[in-house]
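With compact mmCIF, C-alpha atoms inside, this is start_24.txt:
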# COMPACT_ATOMS: atom_id res chain seq x y z
CA MET A 40 -18.58 -29.49 -7.22
CA GLY A 41 -15.12 -28.29 -6.22
CA ILE A 42 -11.43 -28.30 -7.03
CA LYS A 43 -8.96 -30.76 -5.54
CA SER A 44 -5.30 -29.82 -5.05
CA TYR A 45 -2.38 -32.03 -3.98
CA LYS A 46 0.59 -31.91 -1.66
CA PRO A 47 3.66 -30.98 -3.75
CA THR A 48 5.45 -34.29 -3.26
CA THR A 49 6.49 -34.20 -6.97
CA PRO A 50 6.92 -31.34 -9.45
CA THR A 51 3.84 -32.60 -11.31
CA LEU A 52 1.58 -32.38 -8.27
CA ARG A 53 2.79 -28.93 -7.20
CA TYR A 54 0.34 -27.07 -9.46
CA LYS A 55 -2.12 -29.82 -10.33
CA GLN A 56 -5.77 -28.96 -9.64
CA ILE A 57 -8.62 -31.15 -10.86
CA SER A 58 -12.35 -31.27 -10.38
CA THR A 59 -13.71 -33.52 -7.65
CA ARG A 60 -16.69 -34.40 -9.89
CA GLU A 61 -19.03 -34.63 -6.93
CA GLU A 62 -22.05 -34.17 -9.23
CA VAL A 63 -21.18 -37.24 -11.34
CA THR A 64 -23.30 -40.24 -10.33
CA ALA A 65 -22.40 -42.86 -12.98
CA GLU A 66 -19.04 -44.09 -14.21
CA LYS A 67 -20.09 -45.86 -17.42
CA PRO A 68 -22.30 -44.42 -20.18
CA TYR A 69 -25.65 -45.76 -21.36
CA LYS A 70 -24.33 -47.84 -24.26
CA PRO A 71 -27.33 -47.61 -26.67
CA LEU A 72 -26.75 -43.83 -26.81
CA THR A 73 -23.05 -44.09 -27.71
CA VAL A 74 -21.30 -44.59 -31.04
CA GLY A 75 -17.71 -45.16 -32.08
CA ILE A 76 -15.83 -42.11 -33.25
CA LYS A 77 -12.95 -41.97 -35.72
CA ARG A 78 -10.35 -39.41 -34.80
CA SER A 79 -8.85 -37.31 -37.56
CA SER A 80 -5.79 -36.19 -35.53
CA GLY A 81 -5.90 -32.84 -37.31
CA ARG A 82 -5.80 -34.34 -40.83
CA ASP A 83 -8.08 -33.34 -43.70
CA ASN A 84 -9.64 -35.68 -46.27
CA GLN A 85 -6.31 -35.77 -48.15
CA GLY A 86 -4.40 -36.93 -45.09
CA HIS A 87 -2.54 -33.64 -44.73
CA ILE A 88 -2.21 -31.91 -41.36
CA SER A 89 -4.71 -29.03 -41.38
CA VAL A 90 -4.71 -28.46 -37.60
CA ARG A 91 -1.35 -28.79 -35.89
CA ARG A 92 -0.61 -30.25 -32.46
CA ARG A 93 -3.42 -32.81 -32.45
CA GLY A 94 -3.09 -36.57 -32.11
CA GLY A 95 -2.94 -39.52 -29.76
CA GLY A 96 -5.16 -39.35 -26.71
CA HIS A 97 -7.32 -41.91 -25.01
CA LYS A 98 -9.93 -43.84 -26.95
CA ARG A 99 -13.45 -42.40 -26.57
CA ARG A 100 -17.02 -43.22 -27.42
CA TYR A 101 -19.24 -40.38 -28.55
CA ARG A 102 -22.38 -39.75 -26.48
CA ILE A 103 -25.38 -38.80 -28.66
CA ILE A 104 -26.70 -35.56 -27.15
CA ASP A 105 -30.25 -34.34 -27.75
CA PHE A 106 -29.58 -30.64 -28.38
CA GLN A 107 -33.08 -30.13 -29.75
CA ARG A 108 -35.12 -31.25 -26.73
CA LYS A 109 -37.98 -31.24 -29.24
CA ASN A 110 -38.71 -34.87 -30.08
CA LEU A 111 -41.01 -35.34 -27.09
CA ILE A 112 -42.43 -31.86 -26.55
CA GLY A 113 -44.53 -31.58 -23.39
CA MET A 114 -43.64 -35.07 -22.15
CA PRO A 115 -41.96 -35.02 -18.72
CA CYS A 116 -38.62 -36.75 -18.26
CA LYS A 117 -36.81 -37.82 -15.11
CA VAL A 118 -33.08 -37.34 -14.56
CA GLU A 119 -31.50 -40.77 -14.01
CA THR A 120 -27.77 -40.00 -13.90
CA ILE A 121 -25.25 -37.15 -14.21
CA GLU A 122 -22.21 -38.28 -16.21
CA TYR A 123 -18.80 -37.10 -17.35
CA ASP A 124 -18.45 -36.74 -21.12
CA PRO A 125 -14.91 -36.95 -22.54
CA ASN A 126 -16.04 -35.14 -25.70
CA ARG A 127 -17.03 -31.86 -24.01
CA SER A 128 -16.28 -29.75 -20.95
CA ALA A 129 -19.84 -29.83 -19.54
CA TYR A 130 -21.43 -32.77 -17.73
CA ILE A 131 -24.34 -34.58 -19.37
CA ALA A 132 -27.53 -36.00 -17.88
CA LEU A 133 -29.33 -39.20 -18.86
CA VAL A 134 -33.10 -38.61 -18.79
CA LYS A 135 -35.93 -41.09 -19.11
CA TYR A 136 -39.22 -39.96 -20.66
CA ALA A 137 -42.67 -41.07 -19.59
CA ASN A 138 -42.91 -43.39 -22.61
CA GLY A 139 -39.72 -45.24 -21.58
CA SER A 140 -37.29 -43.72 -24.11
CA ARG A 141 -33.99 -42.25 -22.91
CA ALA A 142 -31.82 -39.39 -24.11
CA TYR A 143 -28.70 -37.48 -23.12
CA ILE A 144 -28.97 -33.73 -22.51
CA LEU A 145 -26.49 -31.12 -21.35
CA ALA A 146 -26.70 -31.10 -17.55
CA PRO A 147 -27.68 -27.70 -16.11
CA HIS A 148 -25.94 -26.56 -12.93
CA GLY A 149 -27.98 -27.49 -9.87
CA VAL A 150 -30.13 -30.21 -11.46
CA LYS A 151 -30.01 -33.42 -9.43
CA VAL A 152 -30.91 -37.07 -10.01
CA GLY A 153 -34.63 -37.67 -9.63
CA GLU A 154 -35.80 -34.24 -10.80
CA THR A 155 -38.46 -33.97 -13.50
CA LEU A 156 -37.85 -31.75 -16.54
CA VAL A 157 -40.17 -30.66 -19.36
CA SER A 158 -39.57 -28.97 -22.70
CA GLY A 159 -41.82 -26.93 -24.97
CA ALA A 160 -44.15 -23.95 -24.83
CA GLY A 161 -46.07 -23.60 -21.60
CA SER A 162 -43.41 -25.32 -19.49
CA GLU A 163 -42.78 -24.15 -15.94
CA TYR A 164 -39.98 -21.60 -15.49
CA LYS A 165 -37.49 -23.90 -13.78
CA VAL A 166 -33.79 -24.68 -14.12
CA GLY A 167 -33.38 -27.44 -16.71
CA ASN A 168 -36.67 -26.86 -18.53
CA THR A 169 -36.59 -25.83 -22.19
CA MET A 170 -38.88 -23.04 -23.45
CA PRO A 171 -39.22 -20.64 -26.40
CA LEU A 172 -37.32 -17.41 -25.82
CA LYS A 173 -40.51 -15.36 -26.03
CA ASP A 174 -41.87 -17.18 -22.92
CA ILE A 175 -38.74 -16.68 -20.80
CA PRO A 176 -38.65 -13.66 -18.45
CA LEU A 177 -36.07 -10.93 -18.99
CA ASN A 178 -32.62 -11.12 -17.33
CA ALA A 179 -32.90 -14.90 -17.05
CA GLN A 180 -29.80 -17.09 -17.39
CA ILE A 181 -30.15 -19.45 -20.36
CA HIS A 182 -28.03 -21.92 -22.30
CA ASN A 183 -28.19 -24.31 -25.29
CA ILE A 184 -29.86 -21.61 -27.40
CA GLU A 185 -31.14 -22.29 -30.91
CA LEU A 186 -30.29 -19.99 -33.83
CA LYS A 187 -32.91 -21.55 -36.10
CA PRO A 188 -36.16 -23.10 -34.80
CA GLY A 189 -35.89 -26.89 -34.74
CA ARG A 190 -32.18 -27.04 -35.48
CA GLY A 191 -31.07 -27.62 -31.90
CA GLY A 192 -29.05 -25.56 -29.46
CA GLN A 193 -25.87 -23.97 -30.78
CA LEU A 194 -24.99 -21.15 -28.35
CA ALA A 195 -23.71 -21.29 -24.74
CA ARG A 196 -22.97 -25.01 -24.49
CA SER A 197 -19.58 -25.23 -22.75
CA ALA A 198 -18.97 -25.78 -19.04
CA GLY A 199 -20.07 -23.00 -16.69
CA THR A 200 -21.39 -20.71 -19.42
CA SER A 201 -24.73 -19.00 -19.73
CA ALA A 202 -26.29 -16.20 -21.76
CA GLU A 203 -28.71 -13.51 -20.61
CA LEU A 204 -32.02 -12.55 -22.18
CA VAL A 205 -31.89 -8.73 -22.20
CA ALA A 206 -34.78 -7.55 -24.41
CA LYS A 207 -37.78 -8.67 -26.46
CA ASP A 208 -39.95 -7.34 -29.26
CA GLU A 209 -42.74 -8.82 -31.36
CA ARG A 210 -40.52 -11.21 -33.31
CA TYR A 211 -36.96 -11.15 -31.98
CA CYS A 212 -35.25 -11.38 -28.61
CA GLN A 213 -31.89 -9.85 -27.69
CA VAL A 214 -29.48 -12.28 -26.04
CA ARG A 215 -26.18 -11.30 -24.42
CA LEU A 216 -23.72 -14.11 -25.06
CA PRO A 217 -20.77 -15.10 -22.80
CA SER A 218 -18.41 -13.15 -25.10
CA GLY A 219 -20.35 -9.92 -24.46
CA GLU A 220 -21.93 -9.90 -27.92
CA VAL A 221 -25.62 -9.00 -28.04
CA ARG A 222 -27.45 -10.86 -30.77
CA LEU A 223 -30.97 -11.02 -32.16
CA VAL A 224 -32.57 -14.48 -31.99
CA LEU A 225 -36.08 -15.43 -33.09
CA GLY A 226 -38.51 -15.62 -30.19
CA THR A 227 -39.68 -19.07 -31.33
CA CYS A 228 -36.19 -20.55 -30.82
CA LEU A 229 -35.82 -22.82 -27.79
CA ALA A 230 -33.42 -22.26 -24.90
CA THR A 231 -32.83 -24.06 -21.61
CA ILE A 232 -33.13 -22.27 -18.28
CA GLY A 233 -30.04 -21.99 -16.08
CA GLN A 234 -26.29 -22.28 -16.31
CA ILE A 235 -24.31 -25.19 -17.73
CA SER A 236 -22.80 -27.61 -15.18
CA ASN A 237 -19.13 -28.06 -14.22
CA ILE A 238 -18.67 -24.38 -13.41
CA ASP A 239 -15.15 -24.98 -11.98
CA HIS A 240 -13.81 -26.29 -15.29
CA ASN A 241 -11.77 -23.12 -15.96
CA ASN A 242 -10.01 -23.48 -12.58
CA GLU A 243 -8.52 -26.88 -13.43
CA VAL A 244 -4.75 -27.12 -13.96
CA PHE A 245 -3.39 -30.16 -15.79
CA GLY A 246 -0.05 -30.03 -13.96
CA SER A 247 1.69 -32.45 -16.33
CA ALA A 248 2.39 -32.83 -20.02
CA GLY A 249 1.10 -36.40 -19.88
CA ARG A 250 -2.43 -35.34 -19.00
CA SER A 251 -2.51 -33.10 -22.08
CA ARG A 252 -1.45 -36.07 -24.20
CA TRP A 253 -4.35 -38.14 -22.81
CA LEU A 254 -6.65 -35.45 -24.20
CA GLY A 255 -5.02 -35.57 -27.63
CA ILE A 256 -3.05 -32.32 -27.22
CA ARG A 257 0.50 -32.61 -28.58
CA PRO A 258 3.42 -30.32 -27.64
CA SER A 259 3.65 -26.80 -29.06
CA VAL A 260 7.08 -25.43 -30.00
CA ARG A 261 7.46 -21.63 -30.08
CA GLY A 262 8.59 -20.10 -33.34
CA VAL A 263 11.28 -17.92 -31.70
CA VAL A 264 13.25 -21.00 -30.59
CA MET A 265 13.31 -22.53 -34.10
CA ASN A 266 15.89 -22.03 -36.81
CA PRO A 267 15.31 -19.39 -39.52
CA ILE A 268 14.60 -22.11 -42.08
CA ASP A 269 11.73 -23.44 -39.96
CA HIS A 270 9.99 -20.22 -38.89
CA PRO A 271 10.11 -16.49 -39.74
CA LEU A 272 10.65 -15.70 -36.03
CA GLY A 273 13.54 -18.16 -35.70
CA GLY A 274 17.27 -17.55 -35.52
CA GLY A 275 19.28 -14.76 -33.93
CA GLU A 276 22.31 -14.73 -31.67
CA GLY A 277 21.22 -15.65 -28.16
CA ARG A 278 17.61 -15.25 -27.13
CA THR A 279 15.60 -12.90 -29.32
CA SER A 280 11.93 -11.98 -29.25
CA GLY A 281 11.40 -12.35 -32.99
CA GLY A 282 11.68 -8.81 -34.27
CA ARG A 283 8.46 -8.86 -36.29
CA HIS A 284 4.74 -9.29 -35.90
CA PRO A 285 3.75 -12.76 -34.56
CA CYS A 286 3.01 -15.07 -37.45
CA SER A 287 2.61 -18.68 -38.53
CA PRO A 288 5.48 -20.74 -40.01
CA TRP A 289 4.20 -19.65 -43.44
CA GLY A 290 4.32 -15.94 -42.65
CA LYS A 291 0.61 -15.32 -42.05
CA ASN A 292 -0.01 -12.84 -39.23
CA SER A 293 -1.53 -14.58 -36.22
CA LYS A 294 -2.88 -11.59 -34.28
CA GLY A 295 -5.10 -8.64 -35.04
CA LYS A 296 -6.98 -9.96 -38.05
CA LYS A 297 -10.76 -10.18 -37.76
CA THR A 298 -11.91 -13.78 -37.99
CA ARG A 299 -15.61 -13.17 -38.58
CA ASN A 300 -16.65 -13.33 -42.25
CA ASN A 301 -20.41 -13.80 -42.46
CA LYS A 302 -22.09 -10.69 -43.86
CA ARG A 303 -25.38 -12.54 -44.16
CA THR A 304 -25.89 -12.49 -40.39
CA ASP A 305 -24.22 -9.16 -39.57
CA LYS A 306 -27.66 -7.58 -39.22
CA MET A 307 -28.44 -9.98 -36.33
CA ILE A 308 -25.61 -8.57 -34.18
CA VAL A 309 -26.78 -5.63 -32.07
CA ARG A 310 -23.45 -5.17 -30.31
CA ASN A 311 -20.26 -6.98 -31.20
CA ARG A 312 -17.93 -8.61 -28.72
CA GLN A 313 -15.03 -6.22 -29.33
CA LYS A 314 -16.84 -3.37 -27.58
CA LYS A 315 -16.46 -3.15 -23.81
CA ARG A 316 -19.35 -4.34 -21.72
CA SER A 317 -21.36 -1.55 -20.14

Show this structure as structure tokens.
Amino acid sequence: MGIKSYKPTTPTLRYKQISTREEVTAEKPYKPLTVGIKRSSGRDNQGHISVRRRGGGHKRRYRIIDFQRKNLIGMPCKVETIEYDPNRSAYIALVKYANGSRAYILAPHGVKVGETLVSGAGSEYKVGNTMPLKDIPLNAQIHNIELKPGRGGQLARSAGTSAELVAKDERYCQVRLPSGEVRLVLGTCLATIGQISNIDHNNEVFGSAGRSRWLGIRPSVRGVVMNPIDHPLGGGEGRTSGGRHPCSPWGKNSKGKKTRNNKRTDKMIVRNRQKKRS
């Protein structure tokens, strides 16, 4: 775990900072748990661009991750390798169960090769073990949290993130998410103890446009440098800042509008993420 910087012998290397990946113990994935993946490059089922600035990038194979940790409840598994996954920011761990089957899980921070993990009710409170929320002590760091029992983890899955269990009652638990939102989750939902691995991910600096292209990120042109026919913010004599609210090329405001639109689950939010953390 750590960040590597370079001597500024070229403009590219001046700001480049990448992870040393000291935790990674295997270069190649376990092939039976990988599948081919077809990239959409931001196109919808009609072939039209629905998400701009996507495309290219290095070829990848998708690693099948066991987000449920429920298929072999109570059966211990041993961590065989910690691996880099090109499809997500967190590292993944290959585990082998007592019956010989293998699975990929999200690697918790601090878990090392050779450790034994268990999932299910009655498991030991230990980093990497998966337990129902009702069995986890208060103020614990958790990740890969289910929203519906048996569906698999959906919350706090990216590199370095974790949520906090802040309160419990007979049926529901209150979980503070990385955004600051406090949400009600059923006590029977599973969560994994600890923080997600690769905690220095946010400190990485690509340093070059080429590295972004390897990841499938294409260049982004600002609207204010376009012509008026191409963007509402374009045009003007000399350099102008736009003169109107930031918007898309089609005139839709890009800042300030609430993006949440799910009234069915509003009652599950105790405190929304817009309010300042206390």

>> Please report the interatomic distance between CA of Thr227 in chain A and CA of Ala195 in chain A in Å with one decimal.
In response: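 Answer for the CA of Thr227 in chain A to CA of Ala195 in chain A separation: 17.4 Å.
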
> Hey, can you pull every residue with an atom no more than 9 Å from (-14.0, -23.6, -13.5), using only C-alpha atoms, and send it as number ranges by chain?
Replying inline: A: 41-42, 58, 198-199, 237-243

>> Just the number, please: distance in Å from CA of Glu203 in chain A to CA of Arg215 in chain A, one decimal.
In response: 5.1 Å

> With all atoms listed in the file as the basis for distance, which of A:Gly86, A:Lys98, A:Gly167, A:Lys151 is at the shortest distance from Pro115 in chain A?
Replying inline: A:Gly167

>> Please compute the CA of Glu185 in chain A-CA of Cys228 in chain A distance, one decimal, in Å.
In response: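 CA of Cys228 in chain A lies at a distance of 5.3 Å from CA of Glu185 in chain A.
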
> So, counting all atoms listed in the file, which residue among A:Ser162, A:Asn126, A:Gln213, A:Ser293 is closest to Arg310 in chain A?
Replying inline: A:Gln213

>> Please list as number ranges by chain every residue within 8 Å of His182 in chain A, counting only C-alpha atoms and excluding residues in the same chain fewer than 2 positions away.
In response: A: 180, 184, 194-196, 200-202, 230-235

Only C-alpha atoms, please: the residues just picked out, written as a CSV table (one decimal), in the frame of the given file.
chain,number,residue,atom,x,y,z
A,180,GLN,CA,-29.8,-17.1,-17.4
A,184,ILE,CA,-29.9,-21.6,-27.4
A,194,LEU,CA,-25.0,-21.2,-28.4
A,195,ALA,CA,-23.7,-21.3,-24.7
A,196,ARG,CA,-23.0,-25.0,-24.5
A,200,THR,CA,-21.4,-20.7,-19.4
A,201,SER,CA,-24.7,-19.0,-19.7
A,202,ALA,CA,-26.3,-16.2,-21.8
A,230,ALA,CA,-33.4,-22.3,-24.9
A,231,THR,CA,-32.8,-24.1,-21.6
A,232,ILE,CA,-33.1,-22.3,-18.3
A,233,GLY,CA,-30.0,-22.0,-16.1
A,234,GLN,CA,-26.3,-22.3,-16.3
A,235,ILE,CA,-24.3,-25.2,-17.7

> Which is closest to Gly159 in chain A among A:Arg210, A:Leu229, A:Gly219, A:Gly192, if we use all atoms listed in the file?
Replying inline: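 For Gly159 in chain A, the nearest of the given residues is A:Leu229.
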
Using all atoms of range 102-106 of chain A listed in the file and a margin of 8 Å per side, can you give the axis-aligned box centre and edge lengths in Å to one decimal, as AutoDock Vina command-line options?
--center_x -26.3 --center_y -35.2 --center_z -27.6 --size_x 23.9 --size_y 25.1 --size_z 18.2

> Neighbours of Ile131 in chain A within 6 Å (all atoms listed in the file; same-chain residues fewer than 4 positions away dropped), as a VMD selection string?
Replying inline: chain A and resid 121 to 122 144 to 146

> For Lys173 in chain A, which residue among A:Gly246, A:Gly191, A:Gly226, A:Gly161 is the nearest when counting all atoms listed in the file?
Replying inline: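 Checking each candidate against Lys173 in chain A, we get A:Gly226 as the closest.
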
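When all atoms listed in the file are used to compute distances to Pro71 in chain A, the closest of the residues A:Asp208, A:Tyr101, A:Val221, A:Lys294 turns out to be A:Tyr101.
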